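Down below is the structure, laid out as C-alpha coordinates.
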Amino acid sequence: MFDVALKSAGASVVLASSSDEKYPPENIIDGNSDTFWSSTGLFPQEVVITYTSMMRMSRIEIACYNVKNVMFQYSKDIEPLNFQDLFEKELDSTDGQLQLEEFPVNNVEAQHLRVVIESGHDHFVSIHKLTVNGTAIHG
Amino acid sequence: MRHPKGEWPGVNTLLRAVGDSTVGKSSICQVFHSDNSHFSKNYTMTTGVELLVKLVNIPDSKDKVELYMFDSAGKEIFSELVQKFWEQPSVVMVVYDVTSEVSFSSCAKWLERVRCQKPETKLPGVVVANKTDLDERRIISPKAGMEFAESNGLKYFECSAKEMQNVDAAFYYLANEFYKLYQEKVEIFKTMS
(Lines give C-alpha, C1' and ligand atoms only; values in the text may rest on other atoms or scores of the structure.)
Protein backbone atom coordinates (compact mmCIF):
# COMPACT_ATOMS: atom_id res chain seq x y z
CA MET A 1 0.00 0.00 0.00
CA PHE A 2 1.34 3.43 -0.94
CA ASP A 3 0.19 6.89 -2.02
CA VAL A 4 -0.52 6.24 -5.68
CA ALA A 5 -1.38 9.89 -6.35
CA LEU A 6 2.03 11.16 -5.27
CA LYS A 7 3.94 13.11 -7.88
CA SER A 8 7.20 11.48 -6.84
CA ALA A 9 5.55 8.10 -7.44
CA GLY A 10 4.90 9.14 -11.02
CA ALA A 11 1.34 10.46 -10.81
CA SER A 12 0.57 13.67 -12.69
CA VAL A 13 -2.07 16.36 -13.00
CA VAL A 14 -3.38 16.25 -16.56
CA LEU A 15 -6.09 18.89 -16.26
CA ALA A 16 -6.88 21.74 -13.90
CA SER A 17 -9.56 24.40 -14.31
CA SER A 18 -7.32 27.01 -12.66
CA SER A 19 -3.58 27.25 -12.96
CA ASP A 20 -2.01 30.30 -11.44
CA GLU A 21 1.67 29.48 -11.90
CA LYS A 22 2.39 30.60 -8.32
CA TYR A 23 -0.04 28.00 -6.94
CA PRO A 24 -0.03 25.22 -9.54
CA PRO A 25 -2.14 22.05 -9.36
CA GLU A 26 1.00 19.91 -8.91
CA ASN A 27 1.09 21.27 -5.35
CA ILE A 28 -1.85 18.98 -4.60
CA ILE A 29 0.22 15.82 -5.14
CA ASP A 30 3.62 16.87 -3.78
CA GLY A 31 2.91 15.31 -0.39
CA ASN A 32 3.25 18.65 1.39
CA SER A 33 0.23 20.42 2.87
CA ASP A 34 2.11 23.74 3.14
CA THR A 35 1.92 24.11 -0.63
CA PHE A 36 -1.45 24.37 -2.34
CA TRP A 37 -3.40 24.77 -5.55
CA SER A 38 -5.70 27.76 -5.59
CA SER A 39 -8.81 28.11 -7.68
CA THR A 40 -8.90 31.50 -9.39
CA GLY A 41 -12.60 32.24 -9.46
CA LEU A 42 -15.90 30.69 -10.62
CA PHE A 43 -17.35 27.23 -10.13
CA PRO A 44 -17.22 24.39 -10.89
CA GLN A 45 -13.50 23.72 -10.57
CA GLU A 46 -11.83 20.45 -11.37
CA VAL A 47 -8.55 18.60 -11.28
CA VAL A 48 -7.74 15.31 -13.03
CA ILE A 49 -4.89 13.14 -11.74
CA THR A 50 -3.47 10.27 -13.78
CA TYR A 51 -1.71 7.34 -12.09
CA THR A 52 1.31 5.57 -13.51
CA SER A 53 -0.81 2.47 -14.10
CA MET A 54 -4.14 0.98 -13.08
CA MET A 55 -4.43 1.21 -9.29
CA ARG A 56 -6.68 -0.44 -6.75
CA MET A 57 -7.72 2.39 -4.40
CA SER A 58 -8.61 1.82 -0.75
CA ARG A 59 -8.73 5.30 0.82
CA ILE A 60 -8.73 8.91 -0.32
CA GLU A 61 -7.73 11.79 1.97
CA ILE A 62 -8.02 15.44 1.12
CA ALA A 63 -6.87 18.62 2.86
CA CYS A 64 -8.58 21.69 1.45
CA TYR A 65 -10.11 25.07 2.36
CA ASN A 66 -13.42 26.81 1.62
CA VAL A 67 -14.70 23.81 -0.35
CA LYS A 68 -18.45 23.23 -0.11
CA ASN A 69 -19.66 20.57 -2.55
CA VAL A 70 -17.01 18.15 -3.73
CA MET A 71 -17.37 15.14 -6.00
CA PHE A 72 -14.86 12.40 -6.77
CA GLN A 73 -14.97 10.43 -10.00
CA TYR A 74 -12.73 7.77 -11.53
CA SER A 75 -11.94 6.42 -14.96
CA LYS A 76 -10.48 3.06 -16.02
CA ASP A 77 -9.78 4.12 -19.59
CA ILE A 78 -6.30 4.76 -20.90
CA GLU A 79 -7.36 8.31 -21.75
CA PRO A 80 -9.04 10.36 -18.98
CA LEU A 81 -12.54 9.81 -20.33
CA ASN A 82 -15.78 8.11 -19.25
CA PHE A 83 -15.64 9.11 -15.61
CA GLN A 84 -17.94 7.38 -13.15
CA ASP A 85 -19.09 8.75 -9.81
CA LEU A 86 -17.23 7.58 -6.73
CA PHE A 87 -18.75 9.76 -4.02
CA GLU A 88 -19.90 13.25 -3.27
CA LYS A 89 -19.98 15.30 -0.07
CA GLU A 90 -20.93 18.70 1.28
CA LEU A 91 -18.19 20.00 3.59
CA ASP A 92 -18.70 22.40 6.47
CA SER A 93 -16.89 25.71 6.57
CA THR A 94 -13.83 25.56 8.85
CA ASP A 95 -12.78 29.06 9.72
CA GLY A 96 -9.01 29.39 9.92
CA GLN A 97 -8.12 25.72 9.54
CA LEU A 98 -7.95 23.14 6.79
CA GLN A 99 -10.85 20.87 5.97
CA LEU A 100 -9.54 17.33 6.48
CA GLU A 101 -11.64 14.57 4.99
CA GLU A 102 -11.14 10.83 4.65
CA PHE A 103 -13.12 8.57 2.37
CA PRO A 104 -12.85 4.79 2.31
CA VAL A 105 -12.90 3.47 -1.24
CA ASN A 106 -13.82 -0.15 -1.61
CA ASN A 107 -10.93 -1.35 -3.79
CA VAL A 108 -12.15 0.56 -6.82
CA GLU A 109 -9.78 0.17 -9.75
CA ALA A 110 -8.83 3.33 -11.60
CA GLN A 111 -6.32 4.88 -13.97
CA HIS A 112 -7.49 8.46 -13.37
CA LEU A 113 -9.10 10.38 -10.52
CA ARG A 114 -11.16 13.52 -11.03
CA VAL A 115 -11.98 15.94 -8.22
CA VAL A 116 -14.83 18.34 -9.00
CA ILE A 117 -15.54 21.25 -6.68
CA GLU A 118 -19.07 22.28 -7.49
CA SER A 119 -19.31 25.13 -5.01
CA GLY A 120 -17.37 26.88 -2.29
CA HIS A 121 -17.85 28.73 0.97
CA ASP A 122 -16.10 31.67 -0.71
CA HIS A 123 -15.14 32.82 -4.21
CA PHE A 124 -11.86 30.92 -4.02
CA VAL A 125 -10.93 27.47 -2.73
CA SER A 126 -7.63 25.68 -2.19
CA ILE A 127 -6.54 22.06 -2.17
CA HIS A 128 -3.39 21.51 -0.12
CA LYS A 129 -2.97 17.77 -0.29
CA LEU A 130 -4.57 14.72 -1.82
CA THR A 131 -3.53 11.22 -0.78
CA VAL A 132 -4.79 8.05 -2.38
CA ASN A 133 -3.84 4.84 -0.63
CA GLY A 134 -3.72 1.97 -3.03
CA THR A 135 -1.77 -0.72 -4.80
CA ALA A 136 -0.72 -1.26 -8.36
CA ILE A 137 -2.57 -3.95 -10.27
CA HIS A 138 -0.11 -6.23 -11.95
CA GLY A 139 -0.69 -8.21 -15.10
CA MET B 1 -13.90 27.66 -17.68
CA ARG B 2 -11.53 24.91 -18.76
CA HIS B 3 -8.19 25.89 -20.09
CA PRO B 4 -5.44 23.65 -21.42
CA LYS B 5 -2.57 23.47 -18.97
CA GLY B 6 -0.25 26.42 -19.18
CA GLU B 7 -2.86 28.68 -20.72
CA TRP B 8 -4.41 30.17 -17.64
CA PRO B 9 -5.68 33.61 -18.63
CA GLY B 10 -5.98 35.17 -15.18
CA VAL B 11 -8.36 35.53 -12.26
CA ASN B 12 -11.79 34.51 -13.53
CA THR B 13 -14.46 37.02 -12.67
CA LEU B 14 -18.17 36.73 -13.28
CA LEU B 15 -19.72 40.17 -13.43
CA ARG B 16 -23.45 40.25 -13.08
CA ALA B 17 -25.12 43.41 -14.37
CA VAL B 18 -28.60 44.03 -12.95
CA GLY B 19 -31.22 46.74 -13.19
CA ASP B 20 -34.60 47.43 -14.80
CA SER B 21 -35.01 46.76 -18.50
CA THR B 22 -34.01 49.61 -20.85
CA VAL B 23 -31.52 51.14 -18.38
CA GLY B 24 -28.70 50.11 -20.73
CA LYS B 25 -27.05 47.06 -19.14
CA SER B 26 -26.42 45.36 -22.49
CA SER B 27 -25.15 48.56 -24.10
CA ILE B 28 -22.73 49.27 -21.27
CA CYS B 29 -21.33 45.72 -21.41
CA GLN B 30 -21.12 45.76 -25.19
CA VAL B 31 -19.38 49.13 -25.32
CA PHE B 32 -16.79 47.95 -22.81
CA HIS B 33 -16.43 44.58 -24.51
CA SER B 34 -15.87 46.09 -27.95
CA ASP B 35 -13.40 48.76 -26.82
CA ASN B 36 -15.88 51.58 -27.23
CA SER B 37 -16.53 50.99 -30.88
CA HIS B 38 -20.00 49.56 -30.68
CA PHE B 39 -23.36 50.84 -29.60
CA SER B 40 -26.52 49.14 -30.72
CA LYS B 41 -28.91 51.78 -32.01
CA ASN B 42 -31.87 49.46 -32.05
CA TYR B 43 -32.79 48.31 -28.62
CA THR B 44 -33.29 44.55 -28.46
CA MET B 45 -34.69 43.06 -25.31
CA THR B 46 -32.40 40.56 -23.66
CA THR B 47 -34.45 37.43 -23.31
CA GLY B 48 -31.97 35.01 -21.89
CA VAL B 49 -28.31 35.30 -21.11
CA GLU B 50 -25.63 37.18 -22.86
CA LEU B 51 -22.10 36.40 -21.83
CA LEU B 52 -19.27 38.58 -23.06
CA VAL B 53 -15.66 37.82 -22.17
CA LYS B 54 -12.79 40.26 -22.00
CA LEU B 55 -9.26 40.15 -20.62
CA VAL B 56 -8.42 43.11 -18.39
CA ASN B 57 -4.85 44.02 -17.48
CA ILE B 58 -4.09 44.73 -13.85
CA PRO B 59 -1.99 47.91 -13.54
CA ASP B 60 1.56 47.54 -12.20
CA SER B 61 1.60 43.78 -12.69
CA LYS B 62 1.72 41.27 -15.48
CA ASP B 63 -1.48 39.70 -14.20
CA LYS B 64 -4.81 39.74 -15.93
CA VAL B 65 -8.42 39.31 -15.02
CA GLU B 66 -10.70 37.38 -17.32
CA LEU B 67 -14.01 39.17 -17.03
CA TYR B 68 -17.20 37.33 -17.93
CA MET B 69 -19.98 39.85 -18.29
CA PHE B 70 -23.35 38.41 -17.56
CA ASP B 71 -26.15 40.70 -18.53
CA SER B 72 -29.21 39.25 -16.86
CA ALA B 73 -32.57 39.78 -18.48
CA GLY B 74 -34.32 42.85 -17.13
CA LYS B 75 -37.69 41.24 -17.66
CA GLU B 76 -38.05 38.40 -15.26
CA ILE B 77 -37.92 35.45 -17.62
CA PHE B 78 -35.34 33.08 -16.25
CA SER B 79 -34.57 29.49 -17.02
CA GLU B 80 -33.31 27.06 -14.43
CA LEU B 81 -29.91 27.13 -16.08
CA VAL B 82 -29.72 30.89 -15.73
CA GLN B 83 -30.71 30.66 -12.08
CA LYS B 84 -27.91 28.19 -11.37
CA PHE B 85 -25.34 30.33 -13.09
CA TRP B 86 -26.43 33.32 -11.04
CA GLU B 87 -25.77 31.66 -7.76
CA GLN B 88 -22.13 32.60 -7.49
CA PRO B 89 -21.30 35.88 -9.25
CA SER B 90 -17.93 37.40 -8.38
CA VAL B 91 -18.93 41.05 -8.61
CA VAL B 92 -22.13 43.00 -9.19
CA MET B 93 -23.01 46.06 -11.27
CA VAL B 94 -26.32 47.80 -10.52
CA VAL B 95 -27.41 50.03 -13.38
CA TYR B 96 -30.06 52.75 -13.52
CA ASP B 97 -31.17 55.38 -16.00
CA VAL B 98 -30.69 58.97 -14.74
CA THR B 99 -33.94 59.97 -16.48
CA SER B 100 -36.00 57.32 -14.69
CA GLU B 101 -37.02 57.57 -11.05
CA VAL B 102 -38.47 54.04 -11.21
CA SER B 103 -35.19 52.51 -12.40
CA PHE B 104 -33.33 54.27 -9.59
CA SER B 105 -35.70 53.11 -6.89
CA SER B 106 -35.43 49.52 -8.22
CA CYS B 107 -31.70 49.43 -7.50
CA ALA B 108 -32.11 48.35 -3.88
CA LYS B 109 -34.33 45.44 -4.94
CA TRP B 110 -31.86 44.29 -7.61
CA LEU B 111 -28.94 44.51 -5.24
CA GLU B 112 -30.74 42.54 -2.57
CA ARG B 113 -31.61 39.79 -5.06
CA VAL B 114 -27.96 39.28 -5.86
CA ARG B 115 -26.68 39.56 -2.32
CA CYS B 116 -29.24 37.27 -0.72
CA GLN B 117 -27.95 34.31 -2.74
CA LYS B 118 -24.65 34.26 -0.85
CA PRO B 119 -25.07 36.62 2.09
CA GLU B 120 -21.91 35.43 3.86
CA THR B 121 -19.64 36.09 0.87
CA LYS B 122 -18.12 39.48 0.13
CA LEU B 123 -19.37 40.77 -3.21
CA PRO B 124 -17.59 43.82 -4.62
CA GLY B 125 -20.04 46.07 -6.45
CA VAL B 126 -20.70 49.30 -8.29
CA VAL B 127 -23.67 51.51 -9.05
CA VAL B 128 -23.68 52.85 -12.61
CA ALA B 129 -25.83 55.87 -13.49
CA ASN B 130 -26.34 55.61 -17.26
CA LYS B 131 -27.64 57.97 -19.96
CA THR B 132 -25.84 61.10 -18.74
CA ASP B 133 -26.06 62.31 -22.35
CA LEU B 134 -29.76 63.06 -21.71
CA ASP B 135 -28.78 65.91 -19.43
CA GLU B 136 -31.92 68.03 -19.89
CA ARG B 137 -34.10 65.06 -18.90
CA ARG B 138 -32.00 64.00 -15.94
CA ILE B 139 -33.98 63.64 -12.71
CA ILE B 140 -31.62 61.60 -10.52
CA SER B 141 -28.79 63.79 -9.28
CA PRO B 142 -25.22 62.58 -8.86
CA LYS B 143 -25.65 63.24 -5.14
CA ALA B 144 -28.63 60.87 -4.84
CA GLY B 145 -26.73 58.18 -6.75
CA MET B 146 -23.63 58.60 -4.62
CA GLU B 147 -25.62 58.42 -1.41
CA PHE B 148 -27.29 55.19 -2.50
CA ALA B 149 -23.93 53.71 -3.45
CA GLU B 150 -22.25 54.72 -0.23
CA SER B 151 -25.01 53.44 2.02
CA ASN B 152 -24.79 50.06 0.30
CA GLY B 153 -21.02 49.70 0.28
CA LEU B 154 -20.77 50.22 -3.47
CA LYS B 155 -18.69 52.54 -5.64
CA TYR B 156 -20.52 55.13 -7.76
CA PHE B 157 -19.88 55.69 -11.47
CA GLU B 158 -21.76 57.53 -14.17
CA CYS B 159 -21.56 57.08 -17.91
CA SER B 160 -23.20 57.39 -21.26
CA ALA B 161 -23.18 54.12 -23.17
CA LYS B 162 -24.64 55.94 -26.17
CA GLU B 163 -21.82 58.50 -26.28
CA MET B 164 -19.34 55.84 -25.11
CA GLN B 165 -18.26 58.09 -22.29
CA ASN B 166 -16.71 56.82 -19.08
CA VAL B 167 -18.04 53.28 -19.57
CA ASP B 168 -14.77 51.51 -18.78
CA ALA B 169 -14.04 52.87 -15.31
CA ALA B 170 -16.60 50.73 -13.48
CA PHE B 171 -15.37 47.54 -15.16
CA TYR B 172 -11.73 48.27 -14.36
CA TYR B 173 -12.66 49.03 -10.77
CA LEU B 174 -14.53 45.71 -10.39
CA ALA B 175 -11.79 43.68 -12.09
CA ASN B 176 -9.25 45.22 -9.72
CA GLU B 177 -11.39 44.65 -6.65
CA PHE B 178 -11.84 40.96 -7.44
CA TYR B 179 -8.15 40.61 -8.22
CA LYS B 180 -7.33 42.15 -4.82
CA LEU B 181 -9.76 39.76 -3.16
CA TYR B 182 -7.95 36.83 -4.80
CA GLN B 183 -4.61 38.12 -3.50
CA GLU B 184 -6.05 38.43 0.02
CA LYS B 185 -7.50 34.91 -0.03
CA VAL B 186 -4.28 33.38 -1.26
CA GLU B 187 -2.49 34.98 1.70
CA ILE B 188 -4.98 33.20 3.97
CA PHE B 189 -4.36 29.87 2.19
CA LYS B 190 -0.65 30.35 2.86
CA THR B 191 -1.22 30.45 6.61
CA MET B 192 -2.79 26.97 6.60
CA SER B 193 -1.10 23.65 6.73
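To be explicit about the labels: the chains of the C-alpha coordinates are called A, B, and onward in the order shown, and within each one the residues are counted from 1, while ligands get numbers from 1 in the order they are shown.
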Could you please tell me, as a PDB file with N, CA and C atoms, in the first residue's frame, which residues of chain B have an atom within 6 Å of chain A when using only C-alpha atoms?
```pdb
ATOM      1  N   ARG B   2     -12.657  25.822 -18.653  1.00  0.00           N
ATOM      2  CA  ARG B   2     -11.528  24.905 -18.759  1.00  0.00           C
ATOM      3  C   ARG B   2     -10.488  25.472 -19.695  1.00  0.00           C
ATOM      4  N   TRP B   8      -3.519  29.523 -18.591  1.00  0.00           N
ATOM      5  CA  TRP B   8      -4.408  30.173 -17.641  1.00  0.00           C
ATOM      6  C   TRP B   8      -4.447  31.675 -17.944  1.00  0.00           C
ATOM      7  N   VAL B  11      -7.275  35.701 -13.223  1.00  0.00           N
ATOM      8  CA  VAL B  11      -8.359  35.526 -12.259  1.00  0.00           C
ATOM      9  C   VAL B  11      -9.695  35.602 -12.997  1.00  0.00           C
ATOM     10  N   ASN B  12     -10.535  34.605 -12.782  1.00  0.00           N
ATOM     11  CA  ASN B  12     -11.788  34.506 -13.526  1.00  0.00           C
ATOM     12  C   ASN B  12     -12.908  35.188 -12.751  1.00  0.00           C
ATOM     13  N   THR B 121     -20.808  35.865   1.719  1.00  0.00           N
ATOM     14  CA  THR B 121     -19.639  36.092   0.871  1.00  0.00           C
ATOM     15  C   THR B 121     -19.546  37.550   0.450  1.00  0.00           C
ATOM     16  N   SER B 193      -1.827  24.874   7.064  1.00  0.00           N
ATOM     17  CA  SER B 193      -1.099  23.646   6.733  1.00  0.00           C
ATOM     18  C   SER B 193      -1.473  22.570   7.720  1.00  0.00           C
TER      19      SER B 193
END
```
### Query
Using the chain letters and numbers from this document, which residues of stretch 11-193 of chain B does DSSP assign to strand (DSSP E), as a ChimeraX atom specification?
/B:11-18,49-57,64-72,91-97,125-130,155-158
### Task
Would you mind reading off the distance between atom CA of B:Gln165 and atom CA of B:Ile28, one decimal, in Å?
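Taking atom CA of B:Gln165 as the start and atom CA of B:Ile28 as the end point, the length is 9.9 Å.
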### Query
Mind pulling up the distance from atom CA of B:Cys159 to atom CA of B:Asn57?
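Separating atom CA of B:Asn57 from atom CA of B:Cys159 is a distance of 21.2 Å.
When DSSP is run on the backbone, the residues of stretch 13-50 of chain A that fall into helix (DSSP H, G or I) are Pro25, Glu26, Asn27, Ile28 and Ile29 of chain A.
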Selected residues written out with all heavy atoms, as a CSV table (one decimal), in the first residue's frame:
```
chain,number,residue,atom,x,y,z
A,25,PRO,N,-1.4,23.2,-9.8
A,25,PRO,CA,-2.1,22.0,-9.4
A,25,PRO,C,-1.2,20.9,-8.9
A,25,PRO,O,-1.6,20.1,-8.1
A,25,PRO,CB,-3.0,21.6,-10.6
A,25,PRO,CG,-2.4,22.3,-11.7
A,25,PRO,CD,-1.8,23.6,-11.2
A,26,GLU,N,0.0,20.9,-9.4
A,26,GLU,CA,1.0,19.9,-8.9
A,26,GLU,C,1.2,20.0,-7.4
A,26,GLU,O,1.6,19.0,-6.8
A,26,GLU,CB,2.4,20.1,-9.6
A,26,GLU,CG,2.4,19.6,-11.1
A,26,GLU,CD,1.6,20.6,-12.0
A,26,GLU,OE1,1.4,21.7,-11.7
A,26,GLU,OE2,1.2,20.1,-13.1
A,27,ASN,N,0.9,21.1,-6.8
A,27,ASN,CA,1.1,21.3,-5.3
A,27,ASN,C,0.1,20.3,-4.6
A,27,ASN,O,0.4,20.1,-3.4
A,27,ASN,CB,0.8,22.7,-4.9
A,27,ASN,CG,2.0,23.6,-5.2
A,27,ASN,OD1,3.0,23.2,-5.7
A,27,ASN,ND2,1.8,24.9,-5.1
A,28,ILE,N,-0.9,19.9,-5.2
A,28,ILE,CA,-1.9,19.0,-4.6
A,28,ILE,C,-1.2,17.6,-4.3
A,28,ILE,O,-1.5,17.0,-3.3
A,28,ILE,CB,-3.1,18.8,-5.5
A,28,ILE,CG1,-3.9,20.1,-5.7
A,28,ILE,CG2,-4.0,17.7,-5.0
A,28,ILE,CD1,-5.0,20.0,-6.7
A,29,ILE,N,-0.3,17.2,-5.2
A,29,ILE,CA,0.2,15.8,-5.1
A,29,ILE,C,1.7,15.8,-4.8
A,29,ILE,O,2.4,14.8,-5.1
A,29,ILE,CB,-0.1,15.0,-6.5
A,29,ILE,CG1,0.5,15.8,-7.7
A,29,ILE,CG2,-1.6,14.8,-6.6
A,29,ILE,CD1,0.5,14.9,-9.0
```
### Task
Choose the residue, out of A:Ile137, A:Ile49, A:Ser93, A:Glu61, that has the smallest atom-to-atom separation from B:Glu120; count only C-alpha atoms.
A:Ser93
### Task
Figure out the distance between atom CA of A:Leu6 and atom CA of A:Gln84, please, to one decimal in Å.
21.8 Å
### Shell of 7 Å around stretch 128-130 of chain B, only C-alpha atoms, local chain residues under 4 positions omitted, as a ChimeraX atom specification
/B:23-24,93-98,156-161
### Query
Residues at most 12 Å from stretch 100-103 of chain B, counting only C-alpha atoms, excluding those fewer than 3 positions away in the same chain, as a ChimeraX atom specification?
/B:18-25,74,94-97,106-110,128-132,134,137-141,144-145
Requested write-out: N, CA and C atoms of the selected residues, as an mmCIF file, in the first residue's frame:
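Generated file (out04.cif):
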```cif
data_model
loop_
_atom_site.group_PDB
_atom_site.id
_atom_site.type_symbol
_atom_site.label_atom_id
_atom_site.label_comp_id
_atom_site.auth_asym_id
_atom_site.auth_seq_id
_atom_site.Cartn_x
_atom_site.Cartn_y
_atom_site.Cartn_z
ATOM 1 N N VAL B 18 -27.159 44.075 -13.234
ATOM 2 C CA VAL B 18 -28.602 44.031 -12.954
ATOM 3 C C VAL B 18 -29.197 45.432 -13.017
ATOM 4 N N GLY B 19 -30.505 45.475 -13.113
ATOM 5 C CA GLY B 19 -31.221 46.738 -13.193
ATOM 6 C C GLY B 19 -32.461 46.541 -14.039
ATOM 7 N N ASP B 20 -33.369 47.531 -14.009
ATOM 8 C CA ASP B 20 -34.599 47.431 -14.800
ATOM 9 C C ASP B 20 -34.275 47.327 -16.291
ATOM 10 N N SER B 21 -35.235 46.830 -17.052
ATOM 11 C CA SER B 21 -35.015 46.765 -18.502
ATOM 12 C C SER B 21 -34.971 48.184 -19.067
ATOM 13 N N THR B 22 -34.258 48.344 -20.133
ATOM 14 C CA THR B 22 -34.008 49.615 -20.850
ATOM 15 C C THR B 22 -33.058 50.599 -20.136
ATOM 16 N N VAL B 23 -32.476 50.209 -19.022
ATOM 17 C CA VAL B 23 -31.521 51.140 -18.376
ATOM 18 C C VAL B 23 -30.174 51.153 -19.111
ATOM 19 N N GLY B 24 -29.928 50.110 -19.921
ATOM 20 C CA GLY B 24 -28.702 50.109 -20.731
ATOM 21 C C GLY B 24 -27.638 49.119 -20.298
ATOM 22 N N LYS B 25 -28.037 48.061 -19.601
ATOM 23 C CA LYS B 25 -27.054 47.063 -19.142
ATOM 24 C C LYS B 25 -26.294 46.445 -20.314
ATOM 25 N N GLY B 74 -33.616 41.889 -17.975
ATOM 26 C CA GLY B 74 -34.321 42.850 -17.128
ATOM 27 C C GLY B 74 -35.728 42.366 -16.826
ATOM 28 N N VAL B 94 -24.913 47.387 -10.534
ATOM 29 C CA VAL B 94 -26.317 47.797 -10.517
ATOM 30 C C VAL B 94 -26.450 49.041 -11.396
ATOM 31 N N VAL B 95 -27.300 48.951 -12.408
ATOM 32 C CA VAL B 95 -27.410 50.034 -13.381
ATOM 33 C C VAL B 95 -28.779 50.711 -13.288
ATOM 34 N N TYR B 96 -28.786 52.039 -13.363
ATOM 35 C CA TYR B 96 -30.058 52.753 -13.516
ATOM 36 C C TYR B 96 -29.923 53.846 -14.578
ATOM 37 N N ASP B 97 -31.076 54.360 -14.963
ATOM 38 C CA ASP B 97 -31.173 55.384 -16.000
ATOM 39 C C ASP B 97 -31.430 56.716 -15.277
ATOM 40 N N SER B 106 -35.528 50.981 -8.117
ATOM 41 C CA SER B 106 -35.430 49.520 -8.218
ATOM 42 C C SER B 106 -34.058 48.987 -7.814
ATOM 43 N N CYS B 107 -33.072 49.876 -7.737
ATOM 44 C CA CYS B 107 -31.695 49.431 -7.495
ATOM 45 C C CYS B 107 -31.557 48.608 -6.225
ATOM 46 N N ALA B 108 -32.226 49.051 -5.167
ATOM 47 C CA ALA B 108 -32.112 48.347 -3.879
ATOM 48 C C ALA B 108 -32.624 46.913 -4.011
ATOM 49 N N LYS B 109 -33.727 46.760 -4.733
ATOM 50 C CA LYS B 109 -34.325 45.438 -4.944
ATOM 51 C C LYS B 109 -33.367 44.537 -5.732
ATOM 52 N N TRP B 110 -32.788 45.086 -6.794
ATOM 53 C CA TRP B 110 -31.858 44.292 -7.615
ATOM 54 C C TRP B 110 -30.633 43.868 -6.811
ATOM 55 N N VAL B 128 -23.964 52.098 -11.399
ATOM 56 C CA VAL B 128 -23.682 52.852 -12.610
ATOM 57 C C VAL B 128 -24.917 53.652 -13.016
ATOM 58 N N ALA B 129 -24.757 54.972 -13.043
ATOM 59 C CA ALA B 129 -25.827 55.871 -13.494
ATOM 60 C C ALA B 129 -25.617 56.100 -14.986
ATOM 61 N N ASN B 130 -26.510 55.546 -15.804
ATOM 62 C CA ASN B 130 -26.336 55.610 -17.262
ATOM 63 C C ASN B 130 -27.215 56.704 -17.893
ATOM 64 N N LYS B 131 -26.917 57.002 -19.123
ATOM 65 C CA LYS B 131 -27.643 57.966 -19.961
ATOM 66 C C LYS B 131 -27.394 59.413 -19.523
ATOM 67 N N THR B 132 -26.168 59.716 -19.124
ATOM 68 C CA THR B 132 -25.835 61.095 -18.743
ATOM 69 C C THR B 132 -25.857 62.034 -19.947
ATOM 70 N N LEU B 134 -28.415 62.449 -21.727
ATOM 71 C CA LEU B 134 -29.763 63.062 -21.709
ATOM 72 C C LEU B 134 -29.864 64.061 -20.555
ATOM 73 N N ARG B 137 -33.024 65.898 -19.449
ATOM 74 C CA ARG B 137 -34.103 65.064 -18.900
ATOM 75 C C ARG B 137 -33.707 64.374 -17.600
ATOM 76 N N ARG B 138 -32.508 64.676 -17.130
ATOM 77 C CA ARG B 138 -31.998 64.001 -15.942
ATOM 78 C C ARG B 138 -32.832 64.370 -14.718
ATOM 79 N N ILE B 139 -33.256 63.352 -13.955
ATOM 80 C CA ILE B 139 -33.977 63.639 -12.707
ATOM 81 C C ILE B 139 -33.281 63.069 -11.467
ATOM 82 N N ILE B 140 -32.352 62.142 -11.680
ATOM 83 C CA ILE B 140 -31.620 61.602 -10.518
ATOM 84 C C ILE B 140 -30.256 62.300 -10.454
ATOM 85 N N SER B 141 -30.032 63.016 -9.397
ATOM 86 C CA SER B 141 -28.791 63.790 -9.278
ATOM 87 C C SER B 141 -27.610 62.879 -8.940
ATOM 88 N N ALA B 144 -27.723 61.958 -5.227
ATOM 89 C CA ALA B 144 -28.629 60.869 -4.839
ATOM 90 C C ALA B 144 -28.005 59.510 -5.166
ATOM 91 N N GLY B 145 -27.384 59.430 -6.349
ATOM 92 C CA GLY B 145 -26.731 58.178 -6.754
ATOM 93 C C GLY B 145 -25.590 57.814 -5.829
#
```
#### Entry: Residue contacts of B:Glu177 (12 Å, only C-alpha atoms) excluding same-chain residues fewer than 6 positions away, as a list in words
Val11, Thr13, Leu15, Ile58, Val65, Ser90, Val91, Val92, Lys122, Leu123, Pro124, Gly125, Val126, Leu154, Lys155, Ala170, Phe171, Gln183 and Glu184 of chain B
Within 8 Å of A:His112 using only C-alpha atoms, minus same-chain residues under 5 positions, as a PDB file with N, CA and C atoms, in the first residue's frame:
```pdb
ATOM      1  N   VAL A  48      -7.816  16.723 -12.654  1.00  0.00           N
ATOM      2  CA  VAL A  48      -7.741  15.306 -13.026  1.00  0.00           C
ATOM      3  C   VAL A  48      -6.312  14.823 -12.805  1.00  0.00           C
ATOM      4  N   ILE A  49      -6.194  13.731 -12.046  1.00  0.00           N
ATOM      5  CA  ILE A  49      -4.891  13.139 -11.742  1.00  0.00           C
ATOM      6  C   ILE A  49      -4.804  11.772 -12.427  1.00  0.00           C
ATOM      7  N   THR A  50      -3.685  11.541 -13.084  1.00  0.00           N
ATOM      8  CA  THR A  50      -3.475  10.266 -13.781  1.00  0.00           C
ATOM      9  C   THR A  50      -2.378   9.478 -13.058  1.00  0.00           C
ATOM     10  N   TYR A  51      -2.682   8.216 -12.760  1.00  0.00           N
ATOM     11  CA  TYR A  51      -1.708   7.344 -12.085  1.00  0.00           C
ATOM     12  C   TYR A  51      -0.750   6.739 -13.113  1.00  0.00           C
ATOM     13  N   TYR A  74     -13.893   8.528 -11.073  1.00  0.00           N
ATOM     14  CA  TYR A  74     -12.732   7.772 -11.528  1.00  0.00           C
ATOM     15  C   TYR A  74     -12.966   7.271 -12.944  1.00  0.00           C
ATOM     16  N   SER A  75     -11.858   6.968 -13.613  1.00  0.00           N
ATOM     17  CA  SER A  75     -11.937   6.417 -14.959  1.00  0.00           C
ATOM     18  C   SER A  75     -10.957   5.258 -15.066  1.00  0.00           C
ATOM     19  N   LYS A  76     -11.347   4.220 -15.799  1.00  0.00           N
ATOM     20  CA  LYS A  76     -10.480   3.057 -16.020  1.00  0.00           C
ATOM     21  C   LYS A  76      -9.870   3.086 -17.404  1.00  0.00           C
ATOM     22  N   ASP A  77     -10.279   4.059 -18.214  1.00  0.00           N
ATOM     23  CA  ASP A  77      -9.783   4.118 -19.588  1.00  0.00           C
ATOM     24  C   ASP A  77      -8.319   4.559 -19.626  1.00  0.00           C
ATOM     25  N   PRO A  80      -8.141   9.928 -20.078  1.00  0.00           N
ATOM     26  CA  PRO A  80      -9.038  10.355 -18.984  1.00  0.00           C
ATOM     27  C   PRO A  80     -10.442  10.701 -19.487  1.00  0.00           C
TER      28      PRO A  80
END
```
